[in-house]
Amino acid sequence: MASAREVAEAAERRDVRNRWLLSAPALLIIFFAAVGPLFVMLLYSFMAKGDYGDVKLWQFSSEGWFSVFLERDIFDDTLSVNDAHLAIFWRSVKLSLATTFLTLLFGFPTAYFIATRPERWRALWLFLITIPFWTNLLIRTYAMQEVIRNEGVINTSLLWLGLIDQPIQMMYTDLGILFGMTYVYLPLMVLPLYAAMDRLDFRLVEAGYDLYATRLKVLWRIIVPLVKPGIVAGSILVFIPSLGAYVTPRVLGGGKNMMIGNLIELQFGQGRNWPLGAALSLTLMAIVMVALLLYVRNASKSGARHG
Amino acid sequence: MARHFDVRRQWGFATVAMICFFLLYLPIATLVVFAFNAGPSLAVWEGVSLKWFVAAWNNSDVQEAAMRSFIIAIFAATIATIAATMAALATTRTAPYRGMTFKYAFINQPLMVPEIVTAVALLIIFSRIKVWTGYSGLGYLIAAHAAFCIPFAYLPIRARLENMDLTLERAAADLYATPWNAFRRVTLPLLLPGIVAGFMLAFVISLDDVVITEFVKSGGQDTLPTYMLGQLRRVVTPEMNAISTVFLAISVLIVTLFFLISRKKT
């Protein structure tokens, strides 16, 4: 009997070993080209900056981390808050929150619309949302640029209609970035919202109306609480890439309206301050991780409640 | 029931949804239309012409960048799909074991870190390796692409495996098939649609990448998206729209095929 158990245990050990061997290629590739470099970057953030980019290897310095929010006066070495960096972080958070809000505003009715279509049409509507999601982000940003620039579709039509006599400047403004990000990240909001609404029991909504609840009350007291996991998931999925956005603010914001992603790039380009760039990247990652943790906690809590 | 009231008809919501679909496709439609413009303007229509497609086709920079994009995408998607298939076989159809959650989190890591962060981390380490080894070929881009393609390839393969019936494999084993034969003759054919779908997703994701490529590439290693990003700094002609239109058409084609393959349930 003991030997039978030993045989079974040996088989299980072999099974577990095989499973590790099978997953080894994927784990190794991700380690070498995604996870590992993050640790190297952590190391780099604590080194002295090189004169022409890069770092002075093994010359440790905390200057990179100091410079995330502080700046040293070049004459008397006093530290003060770096207003430019603060402004960029604040713009990033502000624009990301606004993007999340706008995508929710448009995405919620859209997801509700799709979820309430007859079964056979739903796949098609969903497909229409998914297509832009899988097409190139840069191309979609460029398409947006063509619509909002001074000679673009919006301004040309408004001028032609005589509603304005000066083009409205949207390119190279925060508003332009906001429009662009809302446009490119909208599918990320609709898809999880739809997933939640697809499971929604519409008899509950009917019951609400039968009991003389107003439309707003039904929406607020029945639909929103039931699809809350979808709202949270969609908001996280939009907020995180918005915060780390690089392409959209670069194309639509120009050089002046930077977001964190562009500030990071600057340190590896003209700024030639790799330790600061590394520290900024890790700061961005930390913010994103906090957001993800909040999401996971929220998801497991609501998961436990609904069984 | 005299009052014909249907909660599925919310006219306000339906209107917003229609506006949403309209806004989603207006920029893309404008872009495609002006690719066929006879004039050099992106706002003034001067008649239908294919001249910008011809110009893009004959542009040697575009040819090279497109070729490079395809080579990277083919290699990266192939590597990612093989690795993801193996990993999916190791993380499904079993009782949870120690390390499984870890593997799952690890495989999905590229989805959780902002792209710009991974991009500069790769820039740091690859620039060091380039100095050490003197090698500066496409290998870096392929490795970087393979890494972020793995989670995308993994998703449909894992989904397919989880819905698969284990009894067929047991039957094969009962009929004295070796584990390898059982895998090759039973599991693999059943898994194939998932693998094809995973490859296609990985391929599109690699083809579309801008940020990581922009930071990892050495001089003269532009892919089509980074070439376009560079061009956007200059005065843009409808040639850009022509390139985008072809690019869009390829993406839409692959995604449509992906949907058709993954919709068929056995």
# chains A, B, ... in the order shown; residues from 1 in each chain; ligands from 1
call {"tool": "closest_atom_pairs", "arguments": {"of": "chain B", "to": "chain A", "cutoff": "6 Å", "atoms": "only C-alpha atoms", "output": "tab-separated table"}}
result
residue	atom	partner	partner_atom	distance
B:Arg8	CA	A:Thr116	CA	5.2
B:Phe13	CA	A:Pro109	CA	4.6
B:Ala14	CA	A:Phe113	CA	5.7
B:Ala17	CA	A:Thr110	CA	4.2
B:Pro27	CA	A:Ala143	CA	5.0
B:Ile28	CA	A:Ala143	CA	5.8
B:Leu31	CA	A:Ala143	CA	5.7
B:Ala83	CA	A:Ala26	CA	4.8
B:Met86	CA	A:Leu22	CA	5.2
B:Ala87	CA	A:Ser23	CA	4.1
B:Ala90	CA	A:Arg19	CA	4.6
B:Pro114	CA	A:Gly244	CA	5.5
B:Val117	CA	A:Ser281	CA	5.3
B:Ala121	CA	A:Pro37	CA	5.2
B:Leu122	CA	A:Pro37	CA	5.9
B:Ala144	CA	A:Ala33	CA	5.3
B:Ala147	CA	A:Ile30	CA	4.9
B:Asp208	CA	A:Asn136	CA	5.0
B:Ser251	CA	A:Thr135	CA	5.9
call {"tool": "residues_around", "arguments": {"residues": "B:Ile79", "least_positions_apart": "4", "cutoff": "12 Å", "atoms": "only C-alpha atoms", "output": "ChimeraX atom specification"}}
result
/A:25-26,29-30 /B:72-75,83-86,142-150,153-154,198-199,202-203,206
call {"tool": "write_last_selection", "arguments": {"atoms": "C-alpha atoms", "output": "PDB file, in the first residue's frame"}}
result
ATOM      1  CA  PRO A  25      10.186  28.636 -22.908  1.00  0.00           C
ATOM      2  CA  ALA A  26       7.357  31.117 -22.292  1.00  0.00           C
ATOM      3  CA  ILE A  29      11.281  34.651 -22.983  1.00  0.00           C
ATOM      4  CA  ILE A  30       9.167  36.849 -20.741  1.00  0.00           C
TER       5      ILE A  30
ATOM      6  CA  ILE B  72       9.592  40.428 -37.258  1.00  0.00           C
ATOM      7  CA  ALA B  73       5.897  39.578 -36.979  1.00  0.00           C
ATOM      8  CA  ILE B  74       6.339  36.114 -38.546  1.00  0.00           C
ATOM      9  CA  PHE B  75       9.280  35.179 -36.310  1.00  0.00           C
ATOM     10  CA  ALA B  83       5.889  28.912 -26.275  1.00  0.00           C
ATOM     11  CA  ALA B  84       2.268  29.820 -25.482  1.00  0.00           C
ATOM     12  CA  THR B  85       0.955  26.434 -26.644  1.00  0.00           C
ATOM     13  CA  MET B  86       3.409  24.610 -24.401  1.00  0.00           C
ATOM     14  CA  ILE B 142      12.065  39.684 -32.404  1.00  0.00           C
ATOM     15  CA  ALA B 143      12.782  38.799 -28.756  1.00  0.00           C
ATOM     16  CA  ALA B 144      10.942  41.875 -27.474  1.00  0.00           C
ATOM     17  CA  HIS B 145       7.953  41.228 -29.742  1.00  0.00           C
ATOM     18  CA  ALA B 146       7.830  37.524 -28.854  1.00  0.00           C
ATOM     19  CA  ALA B 147       7.608  38.426 -25.155  1.00  0.00           C
ATOM     20  CA  PHE B 148       4.591  40.722 -25.437  1.00  0.00           C
ATOM     21  CA  CYS B 149       2.933  38.439 -28.006  1.00  0.00           C
ATOM     22  CA  ILE B 150       2.921  35.430 -25.658  1.00  0.00           C
ATOM     23  CA  ALA B 153      -1.297  33.855 -28.199  1.00  0.00           C
ATOM     24  CA  TYR B 154      -1.873  32.135 -24.853  1.00  0.00           C
ATOM     25  CA  GLY B 198      -3.395  32.544 -31.168  1.00  0.00           C
ATOM     26  CA  PHE B 199      -0.856  32.926 -33.965  1.00  0.00           C
ATOM     27  CA  ALA B 202       0.152  37.519 -31.960  1.00  0.00           C
ATOM     28  CA  PHE B 203       0.878  38.432 -35.582  1.00  0.00           C
ATOM     29  CA  SER B 206       3.444  42.424 -33.400  1.00  0.00           C
TER      30      SER B 206
END
call {"tool": "select_by_dssp", "arguments": {"residues": "stretch 66-297 of chain A", "states": "alpha helix (DSSP H)", "output": "MDAnalysis selection string"}}
result
chainID A and resid 66 83:115 119:134 137:148 153:161 174:198 202:210 215:218 224:226 228:243 247:253 260:268 274:297
call {"tool": "residues_around", "arguments": {"residues": "A:Gly253", "least_positions_apart": "6", "cutoff": "9 Å", "atoms": "only C-alpha atoms", "output": "PyMOL selection string"}}
result
chain A and resi 171-177+259
call {"tool": "write_last_selection", "arguments": {"atoms": "C-alpha atoms", "output": "compact mmCIF listing (two decimals), in the first residue's frame"}}
result
# COMPACT_ATOMS: atom_id res chain seq x y z
CA MET A 171 -4.40 69.97 -32.25
CA TYR A 172 -1.60 70.50 -29.73
CA THR A 173 -4.02 71.10 -26.88
CA ASP A 174 -5.04 68.96 -23.91
CA LEU A 175 -8.51 68.76 -25.44
CA GLY A 176 -7.05 67.20 -28.57
CA ILE A 177 -5.21 64.57 -26.50
CA MET A 259 2.31 63.30 -20.52
call {"tool": "decode", "arguments": {"residues": "stretch 138-170 of chain A", "atoms": "N, CA and C atoms", "output": "PDB file, in the first residue's frame"}}
result
ATOM      1  N   LEU A 138      -1.482  53.742 -33.858  1.00  0.00           N
ATOM      2  CA  LEU A 138      -0.903  54.918 -34.509  1.00  0.00           C
ATOM      3  C   LEU A 138      -1.801  55.393 -35.649  1.00  0.00           C
ATOM      4  N   ILE A 139      -2.328  54.439 -36.415  1.00  0.00           N
ATOM      5  CA  ILE A 139      -3.196  54.804 -37.535  1.00  0.00           C
ATOM      6  C   ILE A 139      -4.473  55.466 -37.016  1.00  0.00           C
ATOM      7  N   ARG A 140      -5.011  54.918 -35.917  1.00  0.00           N
ATOM      8  CA  ARG A 140      -6.218  55.543 -35.370  1.00  0.00           C
ATOM      9  C   ARG A 140      -5.930  56.936 -34.842  1.00  0.00           C
ATOM     10  N   THR A 141      -4.745  57.121 -34.240  1.00  0.00           N
ATOM     11  CA  THR A 141      -4.376  58.450 -33.760  1.00  0.00           C
ATOM     12  C   THR A 141      -4.214  59.410 -34.939  1.00  0.00           C
ATOM     13  N   TYR A 142      -3.582  58.922 -35.995  1.00  0.00           N
ATOM     14  CA  TYR A 142      -3.405  59.741 -37.198  1.00  0.00           C
ATOM     15  C   TYR A 142      -4.768  60.107 -37.792  1.00  0.00           C
ATOM     16  N   ALA A 143      -5.686  59.128 -37.804  1.00  0.00           N
ATOM     17  CA  ALA A 143      -7.033  59.394 -38.315  1.00  0.00           C
ATOM     18  C   ALA A 143      -7.690  60.502 -37.501  1.00  0.00           C
ATOM     19  N   MET A 144      -7.483  60.451 -36.181  1.00  0.00           N
ATOM     20  CA  MET A 144      -8.049  61.470 -35.297  1.00  0.00           C
ATOM     21  C   MET A 144      -7.441  62.834 -35.611  1.00  0.00           C
ATOM     22  N   GLN A 145      -6.130  62.846 -35.855  1.00  0.00           N
ATOM     23  CA  GLN A 145      -5.448  64.089 -36.192  1.00  0.00           C
ATOM     24  C   GLN A 145      -6.068  64.724 -37.433  1.00  0.00           C
ATOM     25  N   GLU A 146      -6.378  63.880 -38.416  1.00  0.00           N
ATOM     26  CA  GLU A 146      -6.954  64.390 -39.653  1.00  0.00           C
ATOM     27  C   GLU A 146      -8.342  64.973 -39.425  1.00  0.00           C
ATOM     28  N   VAL A 147      -9.021  64.502 -38.383  1.00  0.00           N
ATOM     29  CA  VAL A 147     -10.368  65.005 -38.109  1.00  0.00           C
ATOM     30  C   VAL A 147     -10.314  66.313 -37.326  1.00  0.00           C
ATOM     31  N   ILE A 148      -9.395  66.401 -36.344  1.00  0.00           N
ATOM     32  CA  ILE A 148      -9.459  67.567 -35.438  1.00  0.00           C
ATOM     33  C   ILE A 148      -8.531  68.718 -35.816  1.00  0.00           C
ATOM     34  N   ARG A 149      -7.614  68.522 -36.772  1.00  0.00           N
ATOM     35  CA  ARG A 149      -6.686  69.630 -37.033  1.00  0.00           C
ATOM     36  C   ARG A 149      -7.419  70.803 -37.700  1.00  0.00           C
ATOM     37  N   ASN A 150      -6.714  71.923 -37.784  1.00  0.00           N
ATOM     38  CA  ASN A 150      -7.363  73.153 -38.239  1.00  0.00           C
ATOM     39  C   ASN A 150      -7.959  73.018 -39.639  1.00  0.00           C
ATOM     40  N   GLU A 151      -7.290  72.230 -40.499  1.00  0.00           N
ATOM     41  CA  GLU A 151      -7.822  72.027 -41.856  1.00  0.00           C
ATOM     42  C   GLU A 151      -8.596  70.711 -41.918  1.00  0.00           C
ATOM     43  N   GLY A 152      -8.930  70.133 -40.760  1.00  0.00           N
ATOM     44  CA  GLY A 152      -9.566  68.818 -40.720  1.00  0.00           C
ATOM     45  C   GLY A 152     -11.056  68.858 -40.978  1.00  0.00           C
ATOM     46  N   VAL A 153     -11.664  67.698 -40.899  1.00  0.00           N
ATOM     47  CA  VAL A 153     -13.078  67.549 -41.239  1.00  0.00           C
ATOM     48  C   VAL A 153     -13.961  68.455 -40.382  1.00  0.00           C
ATOM     49  N   ILE A 154     -13.733  68.453 -39.056  1.00  0.00           N
ATOM     50  CA  ILE A 154     -14.609  69.216 -38.167  1.00  0.00           C
ATOM     51  C   ILE A 154     -14.539  70.701 -38.491  1.00  0.00           C
ATOM     52  N   ASN A 155     -13.309  71.249 -38.510  1.00  0.00           N
ATOM     53  CA  ASN A 155     -13.169  72.685 -38.747  1.00  0.00           C
ATOM     54  C   ASN A 155     -13.617  73.090 -40.144  1.00  0.00           C
ATOM     55  N   THR A 156     -13.280  72.260 -41.144  1.00  0.00           N
ATOM     56  CA  THR A 156     -13.691  72.578 -42.515  1.00  0.00           C
ATOM     57  C   THR A 156     -15.215  72.636 -42.624  1.00  0.00           C
ATOM     58  N   SER A 157     -15.891  71.647 -42.021  1.00  0.00           N
ATOM     59  CA  SER A 157     -17.359  71.639 -42.130  1.00  0.00           C
ATOM     60  C   SER A 157     -17.979  72.794 -41.367  1.00  0.00           C
ATOM     61  N   LEU A 158     -17.438  73.085 -40.170  1.00  0.00           N
ATOM     62  CA  LEU A 158     -17.998  74.187 -39.390  1.00  0.00           C
ATOM     63  C   LEU A 158     -17.798  75.523 -40.112  1.00  0.00           C
ATOM     64  N   LEU A 159     -16.626  75.678 -40.725  1.00  0.00           N
ATOM     65  CA  LEU A 159     -16.363  76.912 -41.479  1.00  0.00           C
ATOM     66  C   LEU A 159     -17.300  77.016 -42.676  1.00  0.00           C
ATOM     67  N   TRP A 160     -17.477  75.884 -43.351  1.00  0.00           N
ATOM     68  CA  TRP A 160     -18.316  75.857 -44.547  1.00  0.00           C
ATOM     69  C   TRP A 160     -19.764  76.175 -44.196  1.00  0.00           C
ATOM     70  N   LEU A 161     -20.197  75.672 -43.030  1.00  0.00           N
ATOM     71  CA  LEU A 161     -21.562  75.936 -42.581  1.00  0.00           C
ATOM     72  C   LEU A 161     -21.705  77.363 -42.053  1.00  0.00           C
ATOM     73  N   GLY A 162     -20.567  78.032 -41.867  1.00  0.00           N
ATOM     74  CA  GLY A 162     -20.611  79.399 -41.376  1.00  0.00           C
ATOM     75  C   GLY A 162     -20.848  79.504 -39.881  1.00  0.00           C
ATOM     76  N   LEU A 163     -20.700  78.401 -39.148  1.00  0.00           N
ATOM     77  CA  LEU A 163     -20.914  78.431 -37.702  1.00  0.00           C
ATOM     78  C   LEU A 163     -19.744  79.089 -36.977  1.00  0.00           C
ATOM     79  N   ILE A 164     -18.568  79.003 -37.572  1.00  0.00           N
ATOM     80  CA  ILE A 164     -17.399  79.670 -37.004  1.00  0.00           C
ATOM     81  C   ILE A 164     -16.690  80.394 -38.135  1.00  0.00           C
ATOM     82  N   ASP A 165     -15.908  81.445 -37.816  1.00  0.00           N
ATOM     83  CA  ASP A 165     -15.134  82.057 -38.881  1.00  0.00           C
ATOM     84  C   ASP A 165     -13.637  81.900 -38.648  1.00  0.00           C
ATOM     85  N   GLN A 166     -13.294  81.245 -37.543  1.00  0.00           N
ATOM     86  CA  GLN A 166     -11.905  80.902 -37.263  1.00  0.00           C
ATOM     87  C   GLN A 166     -11.879  79.422 -36.913  1.00  0.00           C
ATOM     88  N   PRO A 167     -10.921  78.642 -37.438  1.00  0.00           N
ATOM     89  CA  PRO A 167     -10.870  77.232 -37.019  1.00  0.00           C
ATOM     90  C   PRO A 167     -10.622  77.110 -35.516  1.00  0.00           C
ATOM     91  N   ILE A 168     -11.280  76.137 -34.903  1.00  0.00           N
ATOM     92  CA  ILE A 168     -11.060  75.902 -33.474  1.00  0.00           C
ATOM     93  C   ILE A 168      -9.771  75.107 -33.314  1.00  0.00           C
ATOM     94  N   GLN A 169      -8.834  75.649 -32.551  1.00  0.00           N
ATOM     95  CA  GLN A 169      -7.563  74.961 -32.356  1.00  0.00           C
ATOM     96  C   GLN A 169      -7.743  73.773 -31.410  1.00  0.00           C
ATOM     97  N   MET A 170      -7.641  72.543 -31.962  1.00  0.00           N
ATOM     98  CA  MET A 170      -7.742  71.362 -31.108  1.00  0.00           C
ATOM     99  C   MET A 170      -6.436  70.579 -31.083  1.00  0.00           C
TER     100      MET A 170
END
